[in-house]
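Peer 1: Once you've had a glance at the structure underneath, I'll fire off some questions.
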Number of protein chains: 2
Amino acid sequence: MTMKLYCMGESGNAYKAALTLELAGADWEPVFVDFFNGEARKPEWRAEVNEMGEVPALVDGDVKLSQSAVIQQYVIDQTGSPLGGKPEDKYEVMRWVLWDNNKMSSHAGPLRFQMNFLSEKHRSDAVIWFLHGRTQAALEILELRLTGRDWIVGDAITVADISCCSYLYYPEPFGFDRADWPHIDAWLTRISDTPGWKHPYDLMPGHPDDRA
Amino acid sequence: MTMKLYCMGESGNAYKAALTLELAGADWEPVFVDFFNGEARKPEWRAEVNEMGEVPALVDGDVKLSQSAVIQQYVIDQTGSPLGGKPEDKYEVMRWVLWDNNKMSSHAGPLRFQMNFLSEKHRSDAVIWFLHGRTQAALEILELRLTGRDWIVGDAITVADISCCSYLYYPEPFGFDRADWPHIDAWLTRISDTPGWKHPYDLMPGHPDDRA
């Protein structure tokens, strides 16, 4: 049965799940969620798809999952994809996926949202500054990690790479310029050179132009 | 060998690891890290303990781990503790641990920090308001989840409960009052009634009074 990923192109969190499904060769299809207009926060959507009111969410028959890292793990378990890394790297892969969810995407995502998708009257320079500082601190740790390494863990792409890169291909400005981060830059090229790789806007429906 | 948890009493993230170690009956000891004075961000600490520059970090012989959820998983794997939940609940436990790291603690922690530990000149009302809104939204989802349930997943305490409760026993104000959230309140009592439970300030060294 084809797995359904509830998602939208603008969401780096959804991209983590979508790119994992795609690179693992899973049988899946995206289902667009109009998150910015509150679709995921409606009671019926919460009841049917995800009580947490967030994308991505995966539905595979009777299985309903959310949180990108959980979807990644499920896809690996179902497909046997090497994207999970070697068994001996289990904790290290998990550590970087968690770090991304906790420190990297969790600041880069809201920062990009504030700077590009939030109406001016709801925008706050202080909040942007706060999120910018935290995003830059995370980028420093990532740049350091990638110094002298091709991949975040081990010698091949894993869900740790997919998680950490998830907001870094977007064209909308959020204070990240690949030219400032040579090791991150080379690593992003390495990921996008992986056979089957697609840009978030090519992998999922939903693009800022659709809303213009 | 006794596992060493690098931590401090004020950190709810460290508490997730410490309470898991304690309730799992692991052989462990806390090692105080003066995080607020930058100890974890020093190059030598990063090199020796955790390149991410954050607490908690666990050292068990040659094994070095960070990110509370990874430490929790390691402790479960080492001790066979039922805190990991039943095998069939694997994704659901992981989902709530991730959600906590992504949406609950990641806002409640910085909010409490801003309101209680940050000097006035670095404090921003707009940032506090932003974090407050996100914390309240997370509390609503948690309250809803706990309506009609004793535990977040299954019928016993798991690391999902330990993760989600981690900032909710602290006395410092951050806009959370147990009286406003009856199901969260009853669940917090259920957790603190668990044999072996300790308050974060009783489980780890480091208390706001030490800095007064």
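In the structure tokens, the first chain shown is A, the next is B, and so on; residue numbers restart at 1 for each chain, and ligands run from 1 in the order shown.
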Could you please select, counting only C-alpha atoms, the residues of chain A within 10 Å of chain B and state them as an MDAnalysis selection string?

Peer 2: chainID A and resid 51:53 63:71 73:74 90:103 105:107 123:131 137:138 140:142 144:145

Peer 1: If we count only C-alpha atoms, what is near A:Arg149 at a cut-off of 9 Å, once residues fewer than 4 positions away on the same chain are taken out, given as a ChimeraX atom specification?

Peer 2: /A:145,153-155,183,187

Peer 1: Restricting it to C-alpha atoms, dump the selection as a PDB file, in the first residue's frame.

Peer 2:
```
ATOM      1  CA  ARG A 145      31.484  18.556  12.920  1.00  0.00           C
ATOM      2  CA  VAL A 153      28.184   9.963  11.085  1.00  0.00           C
ATOM      3  CA  GLY A 154      30.162   7.147   9.468  1.00  0.00           C
ATOM      4  CA  ASP A 155      31.122   7.085   5.806  1.00  0.00           C
ATOM      5  CA  HIS A 183      32.314  22.514   5.082  1.00  0.00           C
ATOM      6  CA  TRP A 187      28.407  18.611   2.431  1.00  0.00           C
TER       7      TRP A 187
END
```

Peer 1: Please list as an MDAnalysis selection string every residue within 6 Å of B:Pro56, counting only C-alpha atoms and excluding residues in the same chain fewer than 5 positions away.

Peer 2: chainID B and resid 6:7 14

Peer 1: Take the residues from that selection and write them out as a short mmCIF file (atom, residue, chain, number, x, y, z; two decimals), in the first residue's frame, keeping all heavy atoms.

Peer 2:
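Saved to part_37.cif:
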```cif
data_model
loop_
_atom_site.label_atom_id
_atom_site.label_comp_id
_atom_site.auth_asym_id
_atom_site.auth_seq_id
_atom_site.Cartn_x
_atom_site.Cartn_y
_atom_site.Cartn_z
N TYR B 6 27.13 14.28 33.32
CA TYR B 6 27.49 15.70 33.42
C TYR B 6 26.20 16.49 33.35
O TYR B 6 25.45 16.39 32.36
CB TYR B 6 28.45 16.09 32.28
CG TYR B 6 29.81 15.47 32.45
CD1 TYR B 6 30.03 14.14 32.10
CD2 TYR B 6 30.87 16.18 33.03
CE1 TYR B 6 31.28 13.54 32.30
CE2 TYR B 6 32.11 15.59 33.23
CZ TYR B 6 32.31 14.28 32.86
OH TYR B 6 33.54 13.68 33.07
N CYS B 7 25.95 17.27 34.41
CA CYS B 7 24.62 17.86 34.55
C CYS B 7 24.63 19.04 35.51
O CYS B 7 25.67 19.38 36.07
CB CYS B 7 23.66 16.78 35.09
SG CYS B 7 24.12 16.11 36.71
N ALA B 14 18.84 17.90 31.56
CA ALA B 14 19.67 16.97 32.34
C ALA B 14 18.80 16.09 33.24
O ALA B 14 19.08 14.90 33.43
CB ALA B 14 20.68 17.76 33.19
#
```

Peer 1: May I have all residues of chain B that DSSP, computed from the backbone, assigns to strand (DSSP E), given as an MDAnalysis selection string?

Peer 2: chainID B and resid 3:7 28:32 57:60 63:66

Peer 1: Please list as number ranges by chain every residue within 9 Å of A:Asn116, counting only C-alpha atoms and excluding residues in the same chain fewer than 5 positions away.

Peer 2: A: 111, 172-174

Peer 1: Would you pick out the contacts of B:Met8 at 12 Å or less, using only C-alpha atoms, so that residues sharing its chain but fewer than 5 positions from it are not included, and give the list as an MDAnalysis selection string?

Peer 2: chainID B and resid 13:18 29:37 39:40 54:57 200:208 210

Peer 1: Could you turn the residues from that selection into a file that holds N, CA and C atoms, as a compact mmCIF listing (two decimals), in the first residue's frame?

Peer 2:
```txt
# COMPACT_ATOMS: atom_id res chain seq x y z
N ASN B 13 16.61 19.42 30.87
CA ASN B 13 17.13 18.44 29.91
C ASN B 13 18.02 17.42 30.61
N ALA B 14 18.84 17.90 31.56
CA ALA B 14 19.67 16.97 32.34
C ALA B 14 18.80 16.09 33.24
N TYR B 15 17.71 16.68 33.75
CA TYR B 15 16.79 15.93 34.62
C TYR B 15 16.19 14.72 33.90
N LYS B 16 15.92 14.86 32.60
CA LYS B 16 15.38 13.73 31.82
C LYS B 16 16.32 12.53 31.89
N ALA B 17 17.61 12.81 31.77
CA ALA B 17 18.60 11.73 31.82
C ALA B 17 18.76 11.23 33.26
N ALA B 18 18.85 12.16 34.22
CA ALA B 18 19.10 11.79 35.62
C ALA B 18 17.95 10.95 36.18
N GLU B 29 26.49 8.48 38.80
CA GLU B 29 26.72 9.62 39.68
C GLU B 29 26.69 10.90 38.86
N PRO B 30 26.20 11.97 39.47
CA PRO B 30 26.18 13.24 38.77
C PRO B 30 27.52 13.96 38.88
N VAL B 31 27.92 14.64 37.82
CA VAL B 31 29.11 15.50 37.85
C VAL B 31 28.62 16.91 37.49
N PHE B 32 28.82 17.83 38.41
CA PHE B 32 28.30 19.19 38.20
C PHE B 32 29.05 19.91 37.08
N VAL B 33 28.28 20.53 36.19
CA VAL B 33 28.85 21.36 35.13
C VAL B 33 28.34 22.78 35.34
N ASP B 34 29.26 23.73 35.40
CA ASP B 34 28.87 25.12 35.63
C ASP B 34 28.46 25.75 34.29
N PHE B 35 27.36 25.25 33.77
CA PHE B 35 26.89 25.62 32.44
C PHE B 35 26.64 27.12 32.32
N PHE B 36 26.02 27.70 33.35
CA PHE B 36 25.65 29.12 33.28
C PHE B 36 26.90 30.01 33.20
N ASN B 37 28.02 29.51 33.70
CA ASN B 37 29.25 30.30 33.58
C ASN B 37 30.11 29.82 32.41
N GLU B 39 31.06 26.78 31.30
CA GLU B 39 31.98 25.63 31.35
C GLU B 39 31.79 24.69 30.15
N ALA B 40 30.52 24.48 29.75
CA ALA B 40 30.24 23.52 28.67
C ALA B 40 30.59 24.06 27.29
N GLU B 54 26.77 21.19 25.34
CA GLU B 54 25.54 21.23 26.14
C GLU B 54 25.48 20.10 27.14
N VAL B 55 24.70 20.32 28.19
CA VAL B 55 24.38 19.25 29.14
C VAL B 55 22.97 18.77 28.85
N PRO B 56 22.63 17.51 29.15
CA PRO B 56 23.47 16.52 29.80
C PRO B 56 24.40 15.81 28.83
N ALA B 57 25.45 15.21 29.39
CA ALA B 57 26.31 14.31 28.64
C ALA B 57 26.60 13.12 29.55
N PRO B 200 14.31 17.47 40.67
CA PRO B 200 15.60 17.77 40.02
C PRO B 200 16.65 18.35 40.97
N TYR B 201 16.23 19.20 41.90
CA TYR B 201 17.22 19.81 42.81
C TYR B 201 17.74 18.82 43.86
N ASP B 202 17.05 17.69 44.02
CA ASP B 202 17.52 16.66 44.95
C ASP B 202 18.33 15.58 44.24
N LEU B 203 18.24 15.59 42.93
CA LEU B 203 18.87 14.50 42.15
C LEU B 203 20.22 14.94 41.56
N MET B 204 20.38 16.25 41.39
CA MET B 204 21.58 16.76 40.73
C MET B 204 22.11 17.97 41.49
N PRO B 205 23.43 18.15 41.51
CA PRO B 205 23.99 19.35 42.15
C PRO B 205 23.72 20.58 41.28
N GLY B 206 23.69 21.75 41.94
CA GLY B 206 23.41 22.99 41.23
C GLY B 206 22.02 23.48 41.53
N HIS B 207 21.92 24.67 42.16
CA HIS B 207 20.64 25.24 42.58
C HIS B 207 20.77 26.75 42.48
N PRO B 208 19.68 27.44 42.11
CA PRO B 208 19.78 28.91 41.97
C PRO B 208 20.35 29.58 43.22
N ASP B 210 22.72 28.67 45.08
CA ASP B 210 24.19 28.57 45.09
C ASP B 210 24.83 29.78 44.42
```

Peer 1: Which parts of stretch 13-158 of chain A does DSSP call helix (DSSP H, G or I) when run on the backbone here, written out as a ChimeraX atom specification?

Peer 2: /A:13-23,35-37,39-41,43-48,68-79,82-84,87-116,120-122,125-145

Peer 1: Do you have the atom CA of B:Arg178-atom CA of B:Leu139 distance handy?

Peer 2: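 Atom CA of B:Leu139 lies 10.6 Å from atom CA of B:Arg178.
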
Peer 1: Closest to A:Gly12 among A:Leu146, A:Met115, A:Leu58, A:Cys165, using only C-alpha atoms?

Peer 2: A:Cys165

Peer 1: Just give me the gap between atom CA of B:Ala186 and atom CA of B:Leu23 in Å, one decimal is fine.

Peer 2: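 According to the coordinates, atom CA of B:Ala186 and atom CA of B:Leu23 are separated by 19.6 Å.
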
Peer 1: Quick one: residues within 10 Å of B:Ala26, only C-alpha atoms counted, chain neighbours fewer than 5 positions away excluded, as a PyMOL selection string?

Peer 2: chain B and resi 2-3+18+20-21+75-76+78-79+81

Peer 1: At what distance in Å, to one decimal, does atom CA of A:Ile157 lie from atom CA of A:Thr194?

Peer 2: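 If I compute the distance from atom CA of A:Thr194 to atom CA of A:Ile157, I get 8.5 Å.
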
Peer 1: For A:Pro171, which of A:Arg112, A:Arg211, A:Arg190, A:Arg134 is the closest residue, counting only C-alpha atoms?

Peer 2: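 That would be A:Arg112, the residue with the smallest distance to A:Pro171.
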